[in-house]
Amino acid sequence: MSVPNRRDSAALLLSLKPPAWHLRHSRVVAETAAWLAWQAVSAGRSLDRRLVESASLLHDIDKLGSVKPEVDELPHGEGSADWLARRGHAELGPVIVGHPTMQLIDAAWFERWLETAPPEGLILAYADKRAGQRLESMAQRFGSWERRYPPEERTGRTRGSWTSETLGAVWRRAETIELRVCELAGVTPDEVRRLAWTGRALRSARAG
């Protein structure tokens with residue numbers, strides 16, 4: 001078992017032939033998470049920056065057509081962790097499994113995860129909530145989700161558990177993650193930036 005380095009993480013992602021939108025999102029998450037991890041280490045926190053970077057770049061691979069058939073019975077996040085574990089990268093799983101926003105619907109799950117998640121997992125979960133196709137505020141990110149997946153009350157259609165009340169609860173739990181991670185990194189949300197590393201890693205991987 002091992003944590004892949006930057007080039008190997010990039011090579012693994014490219015081998016799965018991600019579409020452009022997937023690659024852009026993965027890069028934004030990975031660079032935002034890397035910046036937060038760098039800030040946290042600079043503030044004296046103990047965490048594995050390589051683990052943050054590799055897990056963040058590969059967090060969404062279970063959405064890819066080349067991976068999905070193997071893990072389709074698993075929830076998002078767990079599918080990525082399972083696929084990576086079967087290829088010798090089990091260390092990435094505990095960092096990846098907590099990032100899906102839909103998991104925040106479950107209050108009991110959230111409380112358990114918040115108490116047990118490694119700092120690397122907290123950072124990835126927060127970076128994913130700040131990254132669409134670019135680095136955004138959480139308000140912008142949640143606004144985009146709400147436009148794409150409007151609550152039941154606005155559509156008149158039954159959408160299961162996604163209501164305005166649910167959305168508010170998810171937002172509050174996401175704010176708790178933001179507070180925890182920004183405290184860990186010693187920054188404010190407005191100060192969050194990207195640490196550029198994925199472009200060089202991807203060029204190196206493509207060059208073989």
# chains A, B, ... in the order shown; residues from 1 in each chain; ligands from 1
>>> residues_around(residues="stretch 187-204 of chain A", least_positions_apart="5", cutoff="9 Å", atoms="only C-alpha atoms", output="PyMOL selection string")
chain A and resi 6-11+14+27-36+38-40+57+135+137-138+178-179+181-182
>>> write_last_selection(atoms="C-alpha atoms", output="short mmCIF file (atom, residue, chain, number, x, y, z; two decimals), in the first residue's frame")
data_model
loop_
_atom_site.label_atom_id
_atom_site.label_comp_id
_atom_site.auth_asym_id
_atom_site.auth_seq_id
_atom_site.Cartn_x
_atom_site.Cartn_y
_atom_site.Cartn_z
CA ARG A 6 2.09 14.13 -7.50
CA ARG A 7 3.19 12.69 -10.84
CA ASP A 8 1.83 9.22 -10.12
CA SER A 9 -1.52 10.65 -8.97
CA ALA A 10 -1.74 12.66 -12.17
CA ALA A 11 -0.79 9.64 -14.28
CA LEU A 14 -5.15 10.55 -16.82
CA ARG A 27 -7.44 20.21 -10.24
CA VAL A 28 -9.23 23.01 -8.40
CA VAL A 29 -10.01 20.75 -5.44
CA ALA A 30 -6.46 19.37 -5.35
CA GLU A 31 -4.82 22.80 -5.51
CA THR A 32 -7.17 24.32 -2.93
CA ALA A 33 -6.62 21.39 -0.58
CA ALA A 34 -2.86 21.59 -1.13
CA TRP A 35 -2.84 25.27 -0.19
CA LEU A 36 -4.84 24.58 2.97
CA TRP A 38 0.53 23.88 3.34
CA GLN A 39 -0.94 26.60 5.55
CA ALA A 40 -1.81 24.07 8.25
CA LEU A 57 -6.90 14.82 -7.18
CA LEU A 135 -12.31 28.37 -6.60
CA SER A 137 -17.01 30.89 -1.92
CA MET A 138 -19.27 28.35 -0.26
CA GLU A 178 -15.29 25.57 7.07
CA LEU A 179 -14.75 26.84 10.59
CA VAL A 181 -10.56 23.72 8.54
CA CYS A 182 -9.86 27.45 8.55
#
>>> residues_around(residues="A:Leu92", least_positions_apart="3", cutoff="8 Å", atoms="only C-alpha atoms", output="list in words")
Val3, Leu51, Ser54, Ala55, Ala81, Leu84, Ala85, His89, Val95 and Ile96 of chain A
>>> select_by_dssp(residues="chain A", states="helix (DSSP H, G or I)", output="PyMOL selection string")
chain A and resi 6-15+20-42+49-57+61-63+68-71+78-85+90-96+101-105+107-116+119-128+138-148+152-155+164-185+189-191+198-207
>>> residues_around(residues="stretch 19-26 of chain A", least_positions_apart="5", cutoff="9 Å", atoms="only C-alpha atoms", output="tab-separated table (two decimals) with N, CA and C atoms, in the first residue's frame")
chain	number	residue	atom	x	y	z
A	13	LEU	N	-4.92	9.42	-12.74
A	13	LEU	CA	-6.14	10.10	-13.17
A	13	LEU	C	-6.22	10.14	-14.69
A	14	LEU	N	-5.13	10.48	-15.36
A	14	LEU	CA	-5.15	10.55	-16.82
A	14	LEU	C	-5.43	9.19	-17.45
A	31	GLU	N	-5.68	21.63	-5.77
A	31	GLU	CA	-4.82	22.80	-5.51
A	31	GLU	C	-5.32	23.60	-4.31
A	56	SER	N	-7.12	14.28	-3.00
A	56	SER	CA	-7.94	15.34	-3.58
A	56	SER	C	-8.00	15.25	-5.10
A	57	LEU	N	-6.89	14.92	-5.72
A	57	LEU	CA	-6.90	14.82	-7.18
A	57	LEU	C	-7.75	13.63	-7.65
A	58	LEU	N	-7.83	12.59	-6.82
A	58	LEU	CA	-8.50	11.35	-7.23
A	58	LEU	C	-9.86	11.14	-6.55
A	59	HIS	N	-10.36	12.14	-5.86
A	59	HIS	CA	-11.54	11.94	-5.01
A	59	HIS	C	-12.80	11.56	-5.78
A	60	ASP	N	-12.92	11.98	-7.01
A	60	ASP	CA	-14.17	11.78	-7.77
A	60	ASP	C	-14.05	10.70	-8.84
A	61	ILE	N	-13.08	9.82	-8.77
A	61	ILE	CA	-12.89	8.88	-9.87
A	61	ILE	C	-14.05	7.90	-10.02
A	63	LYS	N	-16.93	8.58	-10.43
A	63	LYS	CA	-17.89	9.16	-11.38
A	63	LYS	C	-17.50	8.88	-12.83
A	64	LEU	N	-16.31	8.36	-13.04
A	64	LEU	CA	-15.79	8.15	-14.39
A	64	LEU	C	-16.29	6.84	-14.99
A	128	ASP	N	-13.58	20.62	-1.56
A	128	ASP	CA	-14.60	20.24	-2.52
A	128	ASP	C	-15.80	21.16	-2.46
A	131	ALA	N	-14.95	24.39	-4.52
A	131	ALA	CA	-14.45	24.23	-5.89
A	131	ALA	C	-15.51	23.65	-6.81
A	132	GLY	N	-15.87	24.43	-7.83
A	132	GLY	CA	-16.65	23.90	-8.93
A	132	GLY	C	-15.69	23.69	-10.09
A	133	GLN	N	-15.77	24.58	-11.06
A	133	GLN	CA	-14.77	24.62	-12.11
A	133	GLN	C	-13.70	25.67	-11.81
A	134	ARG	N	-13.86	26.35	-10.69
A	134	ARG	CA	-12.90	27.34	-10.20
A	134	ARG	C	-13.09	27.45	-8.70
>>> atom_distance(atom1="atom CA of A:Ala127", atom2="atom CA of A:His99")
8.8 Å
>>> atom_distance(atom1="atom CA of A:Val52", atom2="atom CA of A:Arg141")
21.2 Å
>>> residues_around(residues="stretch 70-80 of chain A", least_positions_apart="2", cutoff="6 Å", atoms="only C-alpha atoms", output="NGL selection string")
:A and (61-62 or 67-68 or 82-83 or 96-97)
>>> write_last_selection(atoms="C-alpha atoms", output="PDB file, in the first residue's frame")
ATOM      1  CA  ILE A  61     -12.886   8.876  -9.874  1.00  0.00           C
ATOM      2  CA  ASP A  62     -15.965   6.770  -9.108  1.00  0.00           C
ATOM      3  CA  VAL A  67     -14.417   3.124 -12.907  1.00  0.00           C
ATOM      4  CA  LYS A  68     -18.159   3.367 -12.316  1.00  0.00           C
ATOM      5  CA  ASP A  82     -12.755   0.960  -2.870  1.00  0.00           C
ATOM      6  CA  TRP A  83     -11.317   1.199  -6.379  1.00  0.00           C
ATOM      7  CA  ILE A  96     -11.925  10.571   0.413  1.00  0.00           C
ATOM      8  CA  VAL A  97     -15.059   8.989   1.885  1.00  0.00           C
TER       9      VAL A  97
END
